[in-house]
Each structure stands twice: as structure tokens, then as C-alpha cells.
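Text of model24.pdb (PDB, C-alpha atoms and all ligand atoms) as supplied:
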ATOM      1  CA  MET A   1      73.328  97.563  68.872
ATOM      2  CA  GLU A   2      75.823  97.668  66.028
ATOM      3  CA  ARG A   3      77.491 101.044  65.506
ATOM      4  CA  ILE A   4      78.634 101.381  61.926
ATOM      5  CA  GLY A   5      80.849 104.098  60.474
ATOM      6  CA  ILE A   6      80.612 105.006  56.791
ATOM      7  CA  PHE A   7      83.485 106.960  55.277
ATOM      8  CA  GLY A   8      83.142 108.105  51.668
ATOM      9  CA  GLY A   9      85.622 110.005  49.561
ATOM     10  CA  SER A  10      87.803 109.990  46.483
ATOM     11  CA  PHE A  11      90.802 108.515  48.335
ATOM     12  CA  ASP A  12      93.081 109.664  45.541
ATOM     13  CA  PRO A  13      95.302 108.708  47.286
ATOM     14  CA  VAL A  14      94.336 107.507  50.774
ATOM     15  CA  HIS A  15      96.549 109.235  53.375
ATOM     16  CA  LEU A  16      97.253 109.502  57.091
ATOM     17  CA  GLY A  17      94.475 112.088  57.522
ATOM     18  CA  HIS A  18      91.984 109.395  56.509
ATOM     19  CA  ARG A  19      93.538 106.955  58.966
ATOM     20  CA  LEU A  20      93.312 109.605  61.670
ATOM     21  CA  VAL A  21      89.612 110.063  60.926
ATOM     22  CA  THR A  22      88.903 106.369  61.278
ATOM     23  CA  GLN A  23      90.913 105.970  64.462
ATOM     24  CA  ALA A  24      89.237 108.996  66.100
ATOM     25  CA  ALA A  25      85.826 107.703  65.015
ATOM     26  CA  ARG A  26      86.439 104.235  66.318
ATOM     27  CA  GLU A  27      87.602 105.455  69.709
ATOM     28  CA  GLU A  28      85.147 108.288  70.219
ATOM     29  CA  LEU A  29      82.056 106.601  68.758
ATOM     30  CA  ASP A  30      82.826 103.046  69.818
ATOM     31  CA  LEU A  31      82.320 101.760  66.292
ATOM     32  CA  THR A  32      81.996  98.055  65.678
ATOM     33  CA  ARG A  33      82.593  98.288  61.921
ATOM     34  CA  LEU A  34      83.828 100.944  59.557
ATOM     35  CA  PHE A  35      83.398 100.997  55.779
ATOM     36  CA  PHE A  36      85.599 102.982  53.411
ATOM     37  CA  ILE A  37      83.586 103.771  50.289
ATOM     38  CA  PRO A  38      85.633 105.147  47.401
ATOM     39  CA  ALA A  39      83.510 107.241  45.025
ATOM     40  CA  ALA A  40      83.367 106.533  41.311
ATOM     41  CA  GLN A  41      83.111 110.270  40.651
ATOM     42  CA  SER A  42      82.577 112.886  43.362
ATOM     43  CA  PRO A  43      79.629 115.233  42.727
ATOM     44  CA  PHE A  44      81.818 118.028  44.094
ATOM     45  CA  LYS A  45      84.703 117.488  41.700
ATOM     46  CA  PRO A  46      82.866 117.289  38.321
ATOM     47  CA  ASP A  47      85.847 118.588  36.360
ATOM     48  CA  THR A  48      88.470 116.267  37.799
ATOM     49  CA  ARG A  49      88.710 112.737  36.582
ATOM     50  CA  PRO A  50      89.898 110.586  39.489
ATOM     51  CA  THR A  51      92.718 108.064  39.176
ATOM     52  CA  PRO A  52      91.270 104.737  37.917
ATOM     53  CA  ALA A  53      89.323 102.979  40.641
ATOM     54  CA  GLN A  54      91.518  99.870  40.582
ATOM     55  CA  GLU A  55      94.588 101.950  41.492
ATOM     56  CA  ARG A  56      92.785 103.805  44.293
ATOM     57  CA  LEU A  57      91.464 100.489  45.607
ATOM     58  CA  ARG A  58      94.949  98.984  45.549
ATOM     59  CA  LEU A  59      96.235 101.844  47.720
ATOM     60  CA  LEU A  60      93.275 101.565  50.087
ATOM     61  CA  ARG A  61      93.873  97.838  50.560
ATOM     62  CA  LEU A  62      97.532  98.506  51.370
ATOM     63  CA  ALA A  63      96.623 101.306  53.806
ATOM     64  CA  LEU A  64      94.078  99.167  55.661
ATOM     65  CA  ALA A  65      95.915  95.843  55.683
ATOM     66  CA  GLY A  66      95.617  94.216  59.098
ATOM     67  CA  LYS A  67      92.856  96.536  60.325
ATOM     68  CA  SER A  68      90.093  93.991  60.586
ATOM     69  CA  TRP A  69      87.478  96.511  61.717
ATOM     70  CA  CYS A  70      88.005  98.538  58.499
ATOM     71  CA  GLU A  71      86.339  97.233  55.350
ATOM     72  CA  ILE A  72      86.305  98.516  51.795
ATOM     73  CA  ASP A  73      82.910  98.709  50.126
ATOM     74  CA  GLU A  74      83.123  98.975  46.344
ATOM     75  CA  GLN A  75      79.451  99.716  45.727
ATOM     76  CA  GLU A  76      79.932 103.276  44.431
ATOM     77  CA  ILE A  77      82.629 102.082  42.039
ATOM     78  CA  SER A  78      80.358  99.254  40.846
ATOM     79  CA  ARG A  79      77.401 101.607  40.323
ATOM     80  CA  GLY A  80      79.636 103.948  38.326
ATOM     81  CA  GLY A  81      78.719 107.484  37.297
ATOM     82  CA  VAL A  82      78.469 110.275  39.849
ATOM     83  CA  SER A  83      78.403 108.869  43.392
ATOM     84  CA  PHE A  84      75.624 110.279  45.558
ATOM     85  CA  THR A  85      75.765 109.567  49.283
ATOM     86  CA  ILE A  86      71.997 109.110  49.487
ATOM     87  CA  ASP A  87      72.193 105.959  47.323
ATOM     88  CA  THR A  88      74.820 104.492  49.630
ATOM     89  CA  ALA A  89      72.970 105.571  52.791
ATOM     90  CA  ARG A  90      69.769 103.882  51.543
ATOM     91  CA  ASP A  91      71.722 100.692  50.935
ATOM     92  CA  TYR A  92      73.169 100.717  54.478
ATOM     93  CA  ALA A  93      69.782 101.467  56.028
ATOM     94  CA  ARG A  94      68.379  98.475  54.132
ATOM     95  CA  ARG A  95      71.253  96.130  54.962
ATOM     96  CA  PHE A  96      71.616  97.123  58.622
ATOM     97  CA  PRO A  97      68.108  98.073  59.790
ATOM     98  CA  ALA A  98      68.968  97.702  63.483
ATOM     99  CA  ALA A  99      72.337  99.492  63.421
ATOM    100  CA  GLN A 100      73.202 103.050  64.251
ATOM    101  CA  LEU A 101      74.798 104.585  61.146
ATOM    102  CA  PHE A 102      77.444 107.312  61.398
ATOM    103  CA  TYR A 103      78.590 109.071  58.238
ATOM    104  CA  LEU A 104      82.070 110.558  58.657
ATOM    105  CA  ILE A 105      83.083 113.791  56.959
ATOM    106  CA  GLY A 106      85.983 116.198  57.235
ATOM    107  CA  ALA A 107      85.056 119.680  58.452
ATOM    108  CA  ASP A 108      85.527 121.087  54.941
ATOM    109  CA  HIS A 109      82.247 119.416  53.878
ATOM    110  CA  LEU A 110      80.007 120.674  56.688
ATOM    111  CA  PRO A 111      78.879 124.002  55.140
ATOM    112  CA  GLN A 112      77.795 122.294  51.888
ATOM    113  CA  LEU A 113      75.792 119.496  53.520
ATOM    114  CA  PRO A 114      72.376 121.057  52.709
ATOM    115  CA  GLU A 115      73.299 120.863  49.011
ATOM    116  CA  TRP A 116      73.796 117.101  49.124
ATOM    117  CA  ARG A 117      71.165 115.209  47.142
ATOM    118  CA  ALA A 118      67.991 114.304  49.077
ATOM    119  CA  ALA A 119      69.275 116.137  52.148
ATOM    120  CA  GLU A 120      66.108 115.602  54.228
ATOM    121  CA  GLU A 121      66.096 111.857  53.722
ATOM    122  CA  LEU A 122      69.866 111.613  54.168
ATOM    123  CA  ALA A 123      69.644 113.454  57.490
ATOM    124  CA  ARG A 124      67.070 110.906  58.675
ATOM    125  CA  LEU A 125      69.081 107.872  57.618
ATOM    126  CA  VAL A 126      72.499 108.682  59.105
ATOM    127  CA  GLU A 127      74.056 110.756  61.835
ATOM    128  CA  PHE A 128      76.838 112.952  60.484
ATOM    129  CA  VAL A 129      80.125 113.042  62.338
ATOM    130  CA  VAL A 130      82.614 115.796  61.630
ATOM    131  CA  ILE A 131      86.340 115.440  62.076
ATOM    132  CA  PRO A 132      88.202 118.738  62.487
ATOM    133  CA  ARG A 133      90.574 119.836  59.728
ATOM    134  CA  PRO A 134      93.116 122.623  60.181
ATOM    135  CA  GLY A 135      91.653 126.013  59.348
ATOM    136  CA  GLN A 136      88.036 124.883  59.844
ATOM    137  CA  ALA A 137      86.446 126.358  62.951
ATOM    138  CA  GLU A 138      83.873 124.305  64.832
ATOM    139  CA  ALA A 139      80.456 125.296  63.460
ATOM    140  CA  PRO A 140      76.890 124.154  64.148
ATOM    141  CA  PHE A 141      75.169 121.672  61.850
ATOM    142  CA  PRO A 142      73.106 123.293  59.099
ATOM    143  CA  ALA A 143      69.431 122.199  59.054
ATOM    144  CA  PRO A 144      68.108 119.538  58.575
ATOM    145  CA  PHE A 145      71.251 117.746  59.720
ATOM    146  CA  ARG A 146      72.069 116.542  63.178
ATOM    147  CA  GLY A 147      75.403 115.247  64.307
ATOM    148  CA  ARG A 148      78.484 115.811  66.350
ATOM    149  CA  TRP A 149      82.100 116.877  66.128
ATOM    150  CA  LEU A 150      84.858 114.540  67.150
ATOM    151  CA  ALA A 151      87.879 115.725  69.075
ATOM    152  CA  GLY A 152      90.425 113.993  66.809
ATOM    153  CA  PHE A 153      93.507 116.095  66.251
ATOM    154  CA  PRO A 154      93.600 118.162  63.089
ATOM    155  CA  LEU A 155      96.278 116.994  60.685
ATOM    156  CA  ARG A 156      97.262 119.153  57.731
ATOM    157  CA  VAL A 157      97.343 116.562  54.981
ATOM    158  CA  SER A 158      95.189 116.201  51.875
ATOM    159  CA  SER A 159      95.152 114.075  48.736
ATOM    160  CA  SER A 160      95.672 117.113  46.500
ATOM    161  CA  GLN A 161      98.784 118.083  48.460
ATOM    162  CA  ILE A 162     100.155 114.545  47.998
ATOM    163  CA  ARG A 163      99.448 114.539  44.256
ATOM    164  CA  GLU A 164     101.223 117.883  43.886
ATOM    165  CA  ARG A 165     104.231 116.688  45.879
ATOM    166  CA  VAL A 166     104.587 113.527  43.767
ATOM    167  CA  LYS A 167     104.379 115.577  40.590
ATOM    168  CA  VAL A 168     107.280 117.821  41.613
ATOM    169  CA  GLY A 169     109.325 114.969  43.103
ATOM    170  CA  LEU A 170     108.956 115.806  46.815
ATOM    171  CA  PRO A 171     108.817 113.007  49.408
ATOM    172  CA  ILE A 172     105.427 111.782  50.669
ATOM    173  CA  ASP A 173     106.581 109.067  53.076
ATOM    174  CA  HIS A 174     105.504 111.084  56.119
ATOM    175  CA  LEU A 175     101.994 111.623  54.689
ATOM    176  CA  VAL A 176     100.867 108.134  53.656
ATOM    177  CA  PRO A 177     101.401 104.645  55.101
ATOM    178  CA  GLY A 178     104.724 103.107  53.947
ATOM    179  CA  PRO A 179     103.247 100.506  51.569
ATOM    180  CA  VAL A 180     101.104 103.215  49.941
ATOM    181  CA  ALA A 181     104.167 105.407  49.276
ATOM    182  CA  GLU A 182     105.935 102.385  47.820
ATOM    183  CA  ALA A 183     102.998 101.488  45.544
ATOM    184  CA  ILE A 184     102.671 105.098  44.345
ATOM    185  CA  ARG A 185     106.343 104.921  43.331
ATOM    186  CA  ASN A 186     106.176 101.438  41.812
ATOM    187  CA  TYR A 187     103.057 102.091  39.743
ATOM    188  CA  ARG A 188     104.218 105.585  38.809
ATOM    189  CA  LEU A 189     100.997 107.223  39.988
ATOM    190  CA  TYR A 190     100.468 111.009  40.079
ATOM    191  CA  LEU A 191     103.468 111.840  37.905
TER     192      LEU A 191
HETATM  193  P1  LIG B   1      91.523 116.424  47.998
HETATM  194  O1  LIG B   1      92.722 117.110  48.567
HETATM  195  O2  LIG B   1      91.782 115.753  46.680
HETATM  196  O3  LIG B   1      90.274 117.292  47.993
HETATM  197  P2  LIG B   1      91.031 114.974  50.534
HETATM  198  O4  LIG B   1      92.366 114.861  51.147
HETATM  199  O5  LIG B   1      90.065 115.968  51.109
HETATM  200  O6  LIG B   1      91.171 115.169  48.945
HETATM  201  P3  LIG B   1      88.979 112.937  50.106
HETATM  202  O7  LIG B   1      89.198 111.569  49.617
HETATM  203  O8  LIG B   1      88.247 113.885  49.238
HETATM  204  O9  LIG B   1      90.428 113.512  50.542
HETATM  205  O10 LIG B   1      88.327 112.906  51.544
HETATM  206  C1  LIG B   1      87.457 111.917  52.034
HETATM  207  C2  LIG B   1      86.942 112.417  53.357
HETATM  208  O11 LIG B   1      88.037 112.550  54.281
HETATM  209  C3  LIG B   1      86.304 113.813  53.288
HETATM  210  O12 LIG B   1      85.174 113.829  54.162
HETATM  211  C4  LIG B   1      87.398 114.712  53.807
HETATM  212  O13 LIG B   1      86.872 115.889  54.377
HETATM  213  C5  LIG B   1      88.045 113.828  54.857
HETATM  214  N1  LIG B   1      89.441 114.199  55.127
HETATM  215  C6  LIG B   1      90.471 114.146  54.279
HETATM  216  N2  LIG B   1      91.627 114.560  54.854
HETATM  217  C7  LIG B   1      91.308 114.866  56.137
HETATM  218  C8  LIG B   1      92.053 115.357  57.259
HETATM  219  N3  LIG B   1      93.357 115.633  57.166
HETATM  220  N4  LIG B   1      91.386 115.550  58.425
HETATM  221  C9  LIG B   1      90.045 115.296  58.518
HETATM  222  N5  LIG B   1      89.292 114.841  57.497
HETATM  223  C10 LIG B   1      89.899 114.626  56.325
END
Let me see the file written as C-alpha cells.
Amino acid sequence: MERIGIFGGSFDPVHLGHRLVTQAAREELDLTRLFFIPAAQSPFKPDTRPTPAQERLRLLRLALAGKSWCEIDEQEISRGGVSFTIDTARDYARRFPAAQLFYLIGADHLPQLPEWRAAEELARLVEFVVIPRPGQAEAPFPAPFRGRWLAGFPLRVSSSQIRERVKVGLPIDHLVPGPVAEAIRNYRLYL
């Protein structure tokens, strides 16, 4: 049976924490495929306008170059508007009826899961997989969700931290893949 990972987020920009998530998920869940799904607009960040999708996609492609088991799915960008996970989960359930679907989230999202749109249906369609983040203690899944925690190894890096560092001129080379740091400089992103 195919085991498919789905990893949604703003990826503004993609960073080594995201790569860590995908590597942990691949190893611990034995994934056959993994889809990165950049959101058009996160429902949880209504007041922040993300960097234009084409720039975020460019960075994602650079970060994932050569990783054939990682794919980028642009469906949320193409739909536009606020990106709800249920719409994406329905699409995967339709496209891969025989596969086991794992939806990857960082531990910061776990407490809010019951507020996600169509929570009951979402919990039926995918199994949630939580990757530890520093400062987030391991907690049980709130109803109606089922899922598991990965071991991973918590890495203190976030997109907001990277944006702030670029803005004040601090280096980010240790936080993002090399080509991503170079593209952020070349295209003058996050200044
Ligand atoms: P921001 O700092 O702008 O809130 P972020 O770094 O959390 O962004 P997102 O693109 O919002 O990045 O995250 C996509 C997914 O990756 C989310 O489920 C998030 O919890 C998870 N994630 C991001 N960074 C890490 C990390 N260091 N460890 C584990 N999960 C992470």
C-alpha cells in the first residue's frame, strides 16, 4: 500500500526545520511519496500577506532539488483565497483511494486542530503526524483526531525568525539550504 505524506504550510521561506520534518517522516513512517503544499493564504495568519507564491515556490524548488521522493503540489496556490486543509485532504482521498494518507504538522499546531474546518471529516480522511518543536511538550491528540508523534529531533528554526534575521542583516546560511540563502539574497526577499 502506498504511504503518502502531505505537508502544508506557508513556507515563507522554506527552512531546515521543514527538511527535518520530511526526513523524520520518511524514515519513521516509511513514506513512498511526500507532497509539499504551499498555502495561498493560511487561515491562521489572516493579517499577514505571504510573500508572492512564485517566490515561495522558487525557494521550495531549490530546497528540494534532487529529492525525488519530495514533490511540490501547487493546488492551494491555484485555488487561491484562504487555504483550508479539508479541501486538499478531499483531493488526496479522491486521487489516492488505496493509499494511507499522513498529514504532517509541527507540534505548535496540535492544540488548535479541533478548530480546523470540517474537523470530523478531516480526522477520517488523514492520520495526523506531529513533529516535535522546541518548547512544545508531547501532548495527546484532541478529539476527534487520531495520530502519532514522531521522534525527529527538535530544531529551533522558524520562517518568522529567518525573515527577521534577513531584515536586520544577520546571516541565515545555517538555517536554510545553501541555494535558498543565495536566492533570498539575489532576489532581495524579506528586506
Ligand atoms: P512562521 O515562523 O512564519 O510561523 P514556520 O516556520 O512555522 O513559520 P510554516 O510554513 O508555517 O513555517 O510551517 C509549515 C509546517 O511546518 C507547520 O506544520 C509547522 O508547524 C512545521 N514546522 C515548521 N518549522 C518546524 C520545526 N522547526 N520543527 C517542526 N515542525 C516545523
Mind checking which residues fall within 12 Å of Ala139 (chain A), counting only C-alpha atoms, ignoring those fewer than 3 positions away in the same chain, and posting them as a list in words?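 Returned residues: Ala107, Asp108, His109, Leu110, Pro111, Val130, Ile131, Pro132, Gly135, Gln136, Pro142, Gly147, Arg148 and Trp149 of chain A.
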Residues within 6 Å of ligand LIG 1 (chain B) should be enumerated using all atoms listed in the file and returned as a list in words. Gly8, Gly9, Ser10, Phe11, Asp12, Gly17, His18, Val21, Ile105, Gly106, Ala107, Asp108, His109, Ile131, Pro132, Arg133, Pro154, Leu155, Arg156, Val157, Ser158, Ser159 and Ser160 of chain A
Between CA of Glu2 (chain A) and CA of Pro97 (chain A), distance in Å (one decimal): 9.9 Å
Given the file shown, enumerate the residues that the PyMOL selection byres (((chain A and resi 4) around 10) and not hetatm) captures and present them as a VMD selection string. chain A and resid 1 to 3 5 to 7 26 29 to 35 92 96 99 to 103 126
For the atom pair CA of Trp116 (chain A) and CA of Ala39 (chain A), what is the interatomic distance in Å to one decimal place? 14.4 Å
At what distance in Å, to one decimal, does CA of Ile77 (chain A) lie from CA of Leu60 (chain A)?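 It comes out at 13.4 Å.
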For each of A:Leu191, A:Ile37, A:Cys70, A:Ile162, take the minimum atom-to-atom distance to Phe84 (chain A), counting all atoms listed in the file, then give the residue where this is smallest.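 The answer is A:Ile37, which sits nearest to Phe84 (chain A).
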Here is a test: counting only C-alpha atoms, which residue of A:Arg49, A:Arg94, A:Leu62, A:Lys67 is nearest to Gly81 (chain A)?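 Nearest candidate to Gly81 (chain A) out of A:Arg49, A:Arg94, A:Leu62, A:Lys67: A:Arg49.
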Written as a ChimeraX atom specification, what is the full residue list that the PyMOL selection byres (((chain A and resi 121) around 10) and not hetatm) yields on the file shown? /A:86,89-90,117-120,122-126,144-145
Would you write out, as a PyMOL selection string, every residue that the PyMOL selection byres (((chain A and resi 24) around 9) and not hetatm) captures in this file? chain A and resi 19-23+25-29+131+150-153
Counting all atoms listed in the file, which residues of region 72-132 of chain A sit at most 6 Å from some atom of region 40-46 of chain A, and what is each one's closest atom pair with its distance in Å to one decimal, listed by chain and rising residue number, as a Markdown table?
| residue | atom | partner | partner_atom | distance |
| --- | --- | --- | --- | --- |
| A:Glu76 | CA | A:Ala40 | CA | 5.7 |
| A:Ile77 | CA | A:Ala40 | CA | 4.6 |
| A:Gly80 | CA | A:Ala40 | CA | 5.4 |
| A:Val82 | CA | A:Gln41 | CA | 4.7 |
| A:Ser83 | CA | A:Gln41 | CA | 5.6 |
If you take only C-alpha atoms and a cut-off of 10 Å, which residues of region 21-128 of chain A touch region 175-190 of chain A, and what are their nearest atom pairs and distances in Å to one decimal, in chain and number order, as a tab-separated table?
residue	atom	partner	partner_atom	distance
A:Thr51	CA	A:Tyr190	CA	8.3
A:Glu55	CA	A:Leu189	CA	8.4
A:Arg56	CA	A:Leu189	CA	9.9
A:Arg58	CA	A:Ala183	CA	8.4
A:Leu59	CA	A:Val180	CA	5.5
A:Leu60	CA	A:Val180	CA	8.0
A:Arg61	CA	A:Val180	CA	9.0
A:Leu62	CA	A:Pro179	CA	6.1
A:Ala63	CA	A:Pro177	CA	6.0
A:Leu64	CA	A:Pro177	CA	9.2
A:Ala65	CA	A:Pro179	CA	9.6
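With distances restricted to only C-alpha atoms, A:Ala143 is the closest residue to Glu115 (chain A) from A:Ala137, A:Leu57, A:Ala143, A:Val14.
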